[in-house]
2 protein chains.
Amino acid sequence: MVGGGQLARMTHQAAISLGVPLRVLARDPGESAAQVSADVRIGDERSLDDLRAFAKDCDVLTWDHEHVPQELVRALEEAGTACRPGSGALLHAQDKLVMRERLTSFGVPCPAFARVPSDAPPAFLEAFAREHGLPLVLKATRGGYDGKGVWVLDALDRDAAELVDRLLGEGVDLLVEEHVAFRRELAALVARSPYGQGAAYPIVETVQRDGICHEVISPAPGLDDDTAAEAQRLALDIAEHLGVTGLLAVELFQTDSGLVVNELAMRPHNSGHWTIEGARTSQFEQHVRAVLDLPLGSTEATAPHVVMVNVLGGDDPDVYSRYVHVMAHDPGVRVHMYGKQVRPGRKIGHVTALGDDLDEVRERARHAADYLRWGPALKEGA
Amino acid sequence: MVGGGQLARMTHQAAISLGVPLRVLARDPGESAAQVSADVRIGDERSLDDLRAFAKDCDVLTWDHEHVPQELVRALEEAGTACRPGSGALLHAQDKLVMRERLTSFGVPCPAFARVPSDAPPAFLEAFAREHGLPLVLKATRGGYDGKGVWVLDALDRDAAELVDRLLGEGVDLLVEEHVAFRRELAALVARSPYGQGAAYPIVETVQRDGICHEVISPAPGLDDDTAAEAQRLALDIAEHLGVTGLLAVELFQTDSGLVVNELAMRPHNSGHWTIEGARTSQFEQHVRAVLDLPLGSTEATAPHVVMVNVLGGDDPDVYSRYVHVMAHDPGVRVHMYGKQVRPGRKIGHVTALGDDLDEVRERARHAADYLRWGPALKEGA
């Protein structure tokens, strides 16, 4: 697995059970997965030499993130390395413009979008706004994550013009999209193997804060069966059309007029962390099974309601001193820490609660995550 | 954790979630836990120098097996290393005679037992047999596991006399016990923290074959609530009396006249592997929490019935070629492989199934384990 973040860390945990040796390419031995894995190679995923050396003797290469340059993945494939997902699929998780063009070509509902030409953007954006209204959503076609690379323009004023000029001046390729008036955000997580087997997890609701996934509720509360099935079908169709092998996470807007696709990711995804305890097969094991072309595991839920809340860093770096409270307060809550240095607002872990009563489960997960972030200050602040 | 077997391997998986760095002392880099852990030291747990070097900078030392010499554990403790469980408790998992004497001293039901004096054993055993009947069970007081170090003597004939003479001649300390006519075997798994918190898992039935744990059924089918509570109470009492920190597994005989203690183990135990998917907190996480004096996790079951079956090595070493069948046949069965070289009869992994119907769950777990051992030959043979 190329990339040493928390996704590789949790994939390693799953691979251990399967008896599958997972090699990790990390830039630094201190990275989340590098801290816990036996077979870590230090290198840069933007270097073909490093990738080649890393891939030697690996049966299959897979990715912890989308940021491996497309041309390097193609070079590896041309040299005979099995890359899953492959470059052709991966491109759609790397380039938002390519993704939009492709998805709309086979009828997947997307927001209205257009490439921002590098000349005369003010007139262009004004024309787009006349047709689709304000606000507009400006996106870097490549390289964004967790809200980075996305700007909501409430007005086409001087600030907006300056931002666009600056980005284009820096050589950033831009895409503009209509702002979708959604009721809520959902996510569909599916797996697809080279053999063509597909498996779909229950559809979840995701709650974002400041562009970062904050909370995931499985299944999405009150979602009707038809819409849930439609979302699963949409994700399985996209996986098949794009030839995805491994996991595909489809972030969706639920609107008054139906589902609209927001983003794609082709790897284990934050919206699927709940599956570690909440589904018979975790997304991490599922990804390993899919990329190795093993039969896929059951996606059945283990409880009526499962809630995952991300743990963000607070001001006090010693998060472990707050374990005692969280564990004593709720012996059933599951804590996952990523071994990352605490920085305010940084994702450093997640917690999962599950049970029969959604409100209670949600409160338990939120309390644990908030306490791990803020400690005793929580009581005063919240 | 001292010892690099599968218990350390699965403890590492649990420690990753907690963000707790686990260092492993293995004799060989190919050992089960050494294959997957980031922080592996190679050394011999029978060497005080190796143990001292290993323990440097560790907050707490714990054990993957009972075979660290008692005097070395004491030496570490005298030098200020926190050993959990400590030497005083551990002795009762290391020496069956000390264990029997201690347990009976505070009223725990045990089989009748006696130390075999190193002189004139024939007359001694005959007297013991006259009082307690045949067969007799002969045990090495130290060093046995998985049926090794235990001999059932059906008659006090010449073979038996020769065996006893040979063992005593080799310097093996022996214990003789009455053969308990049990209905079935149960196991009680509890955790105890230095703070004194205790937690008890549901009582399981264990099915042995050739002295090796073959199958574990949770909860023990048809066990009445009173007996289950008594077994949990017994294990918690033993943990408290012996000052155990970490896990304590108590192997029990269920007889017509009540429960009788067979063996003790102070570590994650084969009879608790089902907890990985079958309980809210796995025994491995529970052990880490207990030895670090963190509050203990919920032992609640995640399904009405959970069955774990050990995977033993068959004749064909390539167990992974049989994954496809097992995973395709049953997408819900959970497979755990230990990365061990396949040898006929060796424990190389386990499988777990869970659900609402015990017969079905049992059949699923058995089929998966048998197929992983025998492959397509299973259909002809079984």
# chains A, B, ... in the order shown; residues from 1 in each chain; ligands from 1
$ closest_atom_pairs --of "chain A" --to "chain B" --cutoff "7 Å" --atoms "only C-alpha atoms" --output "JSON lines"
{"residue": "A:Gln13", "atom": "CA", "partner": "B:Gln13", "partner_atom": "CA", "distance": 5.4}
{"residue": "A:Ile16", "atom": "CA", "partner": "B:Val36", "partner_atom": "CA", "distance": 6.9}
{"residue": "A:Ser17", "atom": "CA", "partner": "B:His336", "partner_atom": "CA", "distance": 4.4}
{"residue": "A:Leu18", "atom": "CA", "partner": "B:Met337", "partner_atom": "CA", "distance": 5.6}
{"residue": "A:Gly19", "atom": "CA", "partner": "B:Met337", "partner_atom": "CA", "distance": 4.9}
{"residue": "A:Gln35", "atom": "CA", "partner": "B:Ala38", "partner_atom": "CA", "distance": 6.3}
{"residue": "A:Val36", "atom": "CA", "partner": "B:Ala38", "partner_atom": "CA", "distance": 4.8}
{"residue": "A:Ser37", "atom": "CA", "partner": "B:Ala38", "partner_atom": "CA", "distance": 4.8}
{"residue": "A:Ala38", "atom": "CA", "partner": "B:Ala38", "partner_atom": "CA", "distance": 4.5}
{"residue": "A:Arg280", "atom": "CA", "partner": "B:Gly332", "partner_atom": "CA", "distance": 6.2}
{"residue": "A:Leu294", "atom": "CA", "partner": "B:Val324", "partner_atom": "CA", "distance": 5.9}
{"residue": "A:Pro295", "atom": "CA", "partner": "B:Ala328", "partner_atom": "CA", "distance": 5.2}
{"residue": "A:Leu296", "atom": "CA", "partner": "B:Pro331", "partner_atom": "CA", "distance": 6.6}
{"residue": "A:Gly297", "atom": "CA", "partner": "B:Pro331", "partner_atom": "CA", "distance": 4.3}
{"residue": "A:Ser298", "atom": "CA", "partner": "B:Pro331", "partner_atom": "CA", "distance": 4.8}
{"residue": "A:Val324", "atom": "CA", "partner": "B:Leu294", "partner_atom": "CA", "distance": 5.9}
{"residue": "A:Met327", "atom": "CA", "partner": "B:Pro295", "partner_atom": "CA", "distance": 5.5}
{"residue": "A:Ala328", "atom": "CA", "partner": "B:Pro295", "partner_atom": "CA", "distance": 5.2}
{"residue": "A:Pro331", "atom": "CA", "partner": "B:Gly297", "partner_atom": "CA", "distance": 4.3}
{"residue": "A:Gly332", "atom": "CA", "partner": "B:Ser298", "partner_atom": "CA", "distance": 5.0}
{"residue": "A:Val335", "atom": "CA", "partner": "B:Leu18", "partner_atom": "CA", "distance": 6.3}
{"residue": "A:His336", "atom": "CA", "partner": "B:Ser17", "partner_atom": "CA", "distance": 4.4}
{"residue": "A:Met337", "atom": "CA", "partner": "B:Gly19", "partner_atom": "CA", "distance": 4.9}
{"residue": "A:Tyr338", "atom": "CA", "partner": "B:Gly19", "partner_atom": "CA", "distance": 6.2}
{"residue": "A:Gly339", "atom": "CA", "partner": "B:Gly19", "partner_atom": "CA", "distance": 5.4}
$ write_last_selection --atoms "N, CA, C and O atoms" --output "short mmCIF file (atom, residue, chain, number, x, y, z; two decimals), in the first residue's frame"
data_model
loop_
_atom_site.label_atom_id
_atom_site.label_comp_id
_atom_site.auth_asym_id
_atom_site.auth_seq_id
_atom_site.Cartn_x
_atom_site.Cartn_y
_atom_site.Cartn_z
N GLN A 13 -4.01 -3.65 10.13
CA GLN A 13 -4.70 -4.44 11.15
C GLN A 13 -5.54 -5.55 10.51
O GLN A 13 -5.57 -6.67 10.99
N ILE A 16 -3.42 -8.39 8.87
CA ILE A 16 -2.85 -9.33 9.85
C ILE A 16 -3.78 -10.53 10.01
O ILE A 16 -3.35 -11.68 9.99
N SER A 17 -5.08 -10.27 10.17
CA SER A 17 -6.03 -11.39 10.35
C SER A 17 -6.02 -12.31 9.15
O SER A 17 -6.11 -13.53 9.29
N LEU A 18 -5.92 -11.73 7.96
CA LEU A 18 -5.96 -12.55 6.75
C LEU A 18 -4.63 -13.27 6.52
O LEU A 18 -4.53 -14.09 5.61
N GLY A 19 -3.63 -12.94 7.30
CA GLY A 19 -2.31 -13.55 7.06
C GLY A 19 -1.66 -13.01 5.80
O GLY A 19 -0.80 -13.65 5.22
N GLN A 35 4.46 3.47 11.94
CA GLN A 35 4.70 3.21 13.37
C GLN A 35 4.36 1.78 13.77
O GLN A 35 4.87 1.29 14.78
N VAL A 36 3.44 1.14 13.05
CA VAL A 36 2.91 -0.13 13.52
C VAL A 36 3.16 -1.30 12.57
O VAL A 36 2.82 -2.44 12.89
N SER A 37 3.73 -1.03 11.41
CA SER A 37 3.89 -2.08 10.39
C SER A 37 5.28 -2.67 10.42
O SER A 37 6.25 -1.97 10.71
N ALA A 38 5.35 -3.93 10.07
CA ALA A 38 6.65 -4.63 10.08
C ALA A 38 7.44 -4.32 8.82
O ALA A 38 8.66 -4.25 8.86
N ARG A 280 -20.03 -6.85 9.36
CA ARG A 280 -19.36 -8.16 9.51
C ARG A 280 -17.95 -8.13 8.93
O ARG A 280 -17.04 -8.77 9.44
N LEU A 294 -10.00 -11.84 -4.00
CA LEU A 294 -10.64 -12.85 -3.16
C LEU A 294 -12.14 -12.56 -3.12
O LEU A 294 -12.56 -11.42 -3.33
N PRO A 295 -12.96 -13.57 -2.83
CA PRO A 295 -14.39 -13.30 -2.70
C PRO A 295 -14.63 -12.25 -1.61
O PRO A 295 -13.93 -12.22 -0.60
N LEU A 296 -15.62 -11.39 -1.83
CA LEU A 296 -15.87 -10.28 -0.90
C LEU A 296 -16.64 -10.77 0.32
O LEU A 296 -17.33 -11.80 0.28
N GLY A 297 -16.50 -10.02 1.42
CA GLY A 297 -17.13 -10.41 2.68
C GLY A 297 -18.49 -9.77 2.86
O GLY A 297 -18.86 -8.82 2.17
N SER A 298 -19.21 -10.30 3.84
CA SER A 298 -20.56 -9.80 4.14
C SER A 298 -20.49 -8.35 4.61
O SER A 298 -19.65 -7.98 5.42
N VAL A 324 -8.81 7.55 30.44
CA VAL A 324 -9.41 6.99 31.64
C VAL A 324 -10.87 7.41 31.76
O VAL A 324 -11.75 6.59 31.99
N MET A 327 -13.05 5.77 28.82
CA MET A 327 -13.27 4.33 28.98
C MET A 327 -14.11 4.02 30.21
O MET A 327 -14.90 3.08 30.21
N ALA A 328 -13.93 4.79 31.27
CA ALA A 328 -14.72 4.55 32.48
C ALA A 328 -16.17 4.98 32.25
O ALA A 328 -17.11 4.35 32.73
N PRO A 331 -17.96 1.82 28.79
CA PRO A 331 -17.12 0.65 28.48
C PRO A 331 -17.36 0.08 27.09
O PRO A 331 -16.58 -0.74 26.62
N GLY A 332 -18.44 0.52 26.42
CA GLY A 332 -18.76 -0.06 25.12
C GLY A 332 -18.26 0.77 23.95
O GLY A 332 -18.30 0.30 22.80
N VAL A 335 -12.49 3.00 20.71
CA VAL A 335 -11.57 4.11 20.43
C VAL A 335 -10.50 3.65 19.44
O VAL A 335 -9.91 2.58 19.60
N HIS A 336 -10.26 4.45 18.43
CA HIS A 336 -9.20 4.18 17.45
C HIS A 336 -8.31 5.40 17.36
O HIS A 336 -8.76 6.47 16.94
N MET A 337 -7.07 5.25 17.73
CA MET A 337 -6.13 6.36 17.64
C MET A 337 -5.13 6.06 16.54
O MET A 337 -4.75 4.92 16.32
N TYR A 338 -4.70 7.12 15.86
CA TYR A 338 -3.87 6.94 14.68
C TYR A 338 -2.38 7.17 14.94
O TYR A 338 -1.57 7.13 14.00
N GLY A 339 -2.02 7.43 16.20
CA GLY A 339 -0.61 7.64 16.51
C GLY A 339 -0.06 8.95 15.95
O GLY A 339 1.15 9.11 15.81
#
$ select_by_dssp --residues "range 175-364 of chain A" --states "strand (DSSP E or B)" --output "ChimeraX atom specification"
/A:175-178,184-192,198-200,204-209,212-218,246-255,258-265,279,301,305-313,334-337,344,347-355
$ closest_residue --among "A:Val2, A:Ala55, A:Leu25, A:Met266" --to "Gly43 in chain A" --atoms "only C-alpha atoms"
A:Leu25
$ atom_distance --atom1 "CA of Gly149 in chain A" --atom2 "CA of Ala93 in chain A"
14.0 Å
$ atom_distance --atom1 "CA of Ile238 in chain A" --atom2 "CA of Val152 in chain A"
26.6 Å
$ residues_around --residues "Val116 in chain A" --least-positions-apart "3" --cutoff "10 Å" --atoms "only C-alpha atoms" --output "number ranges by chain"
A: 113, 119-122, 124-125, 128, 138-141, 164, 168, 173-177
$ atom_distance --atom1 "CA of Thr352 in chain A" --atom2 "CA of His273 in chain A"
8.3 Å
$ residues_around --residues "range 96-101 of chain A" --least-positions-apart "2" --cutoff "10 Å" --atoms "only C-alpha atoms" --output "MDAnalysis selection string"
chainID A and resid 89:94 103:106 108:115 139:144 173:177 242 261:264
$ residues_around --residues "Val288 in chain B" --least-positions-apart "3" --cutoff "8 Å" --atoms "only C-alpha atoms" --output "PDB file with N, CA and C atoms, in the first residue's frame"
ATOM      1  N   THR B  11      -2.641  -9.335  19.978  1.00  0.00           N
ATOM      2  CA  THR B  11      -2.560  -8.209  20.921  1.00  0.00           C
ATOM      3  C   THR B  11      -2.061  -6.960  20.203  1.00  0.00           C
ATOM      4  N   ALA B  14      -4.856  -5.225  18.476  1.00  0.00           N
ATOM      5  CA  ALA B  14      -5.697  -4.454  19.404  1.00  0.00           C
ATOM      6  C   ALA B  14      -4.973  -3.201  19.885  1.00  0.00           C
ATOM      7  N   ALA B  15      -3.681  -3.311  20.113  1.00  0.00           N
ATOM      8  CA  ALA B  15      -2.920  -2.163  20.625  1.00  0.00           C
ATOM      9  C   ALA B  15      -2.870  -1.038  19.589  1.00  0.00           C
ATOM     10  N   GLY B 246      -4.326  -8.217  34.379  1.00  0.00           N
ATOM     11  CA  GLY B 246      -4.450  -8.682  32.995  1.00  0.00           C
ATOM     12  C   GLY B 246      -5.541  -9.724  32.951  1.00  0.00           C
ATOM     13  N   PHE B 284      -7.991  -9.302  23.650  1.00  0.00           N
ATOM     14  CA  PHE B 284      -6.662  -8.724  23.430  1.00  0.00           C
ATOM     15  C   PHE B 284      -6.652  -7.253  23.859  1.00  0.00           C
ATOM     16  N   GLU B 285      -7.677  -6.516  23.448  1.00  0.00           N
ATOM     17  CA  GLU B 285      -7.773  -5.134  23.922  1.00  0.00           C
ATOM     18  C   GLU B 285      -7.951  -5.116  25.438  1.00  0.00           C
ATOM     19  N   VAL B 291      -3.558  -4.378  31.795  1.00  0.00           N
ATOM     20  CA  VAL B 291      -2.161  -4.266  32.256  1.00  0.00           C
ATOM     21  C   VAL B 291      -1.705  -2.804  32.294  1.00  0.00           C
ATOM     22  N   LEU B 292      -2.380  -1.924  31.519  1.00  0.00           N
ATOM     23  CA  LEU B 292      -2.054  -0.492  31.577  1.00  0.00           C
ATOM     24  C   LEU B 292      -2.903   0.233  32.626  1.00  0.00           C
TER      25      LEU B 292
END
$ closest_residue --among "B:Leu312, B:Met1, B:Val24, B:Ala290" --to "Ser193 in chain B" --atoms "only C-alpha atoms"
B:Ala290
$ select_by_dssp --residues "range 229-311 of chain B" --states "alpha helix (DSSP H)" --output "VMD selection string"
chain B and resid 229 to 242 275 to 278 283 to 291
$ residues_around --residues "range 72-79 of chain A" --least-positions-apart "2" --cutoff "10 Å" --atoms "only C-alpha atoms" --output "PyMOL selection string"
chain A and resi 45-49+51-52+55+61+68-70+81-88+90-91
$ closest_residue --among "A:Asp318, A:Val137, A:Val180, A:Val306" --to "Ala160 in chain A" --atoms "only C-alpha atoms"
A:Val137
$ closest_residue --among "B:Gly169, B:Gly272, B:Gly345, B:Pro135" --to "Val190 in chain B" --atoms "only C-alpha atoms"
B:Gly272
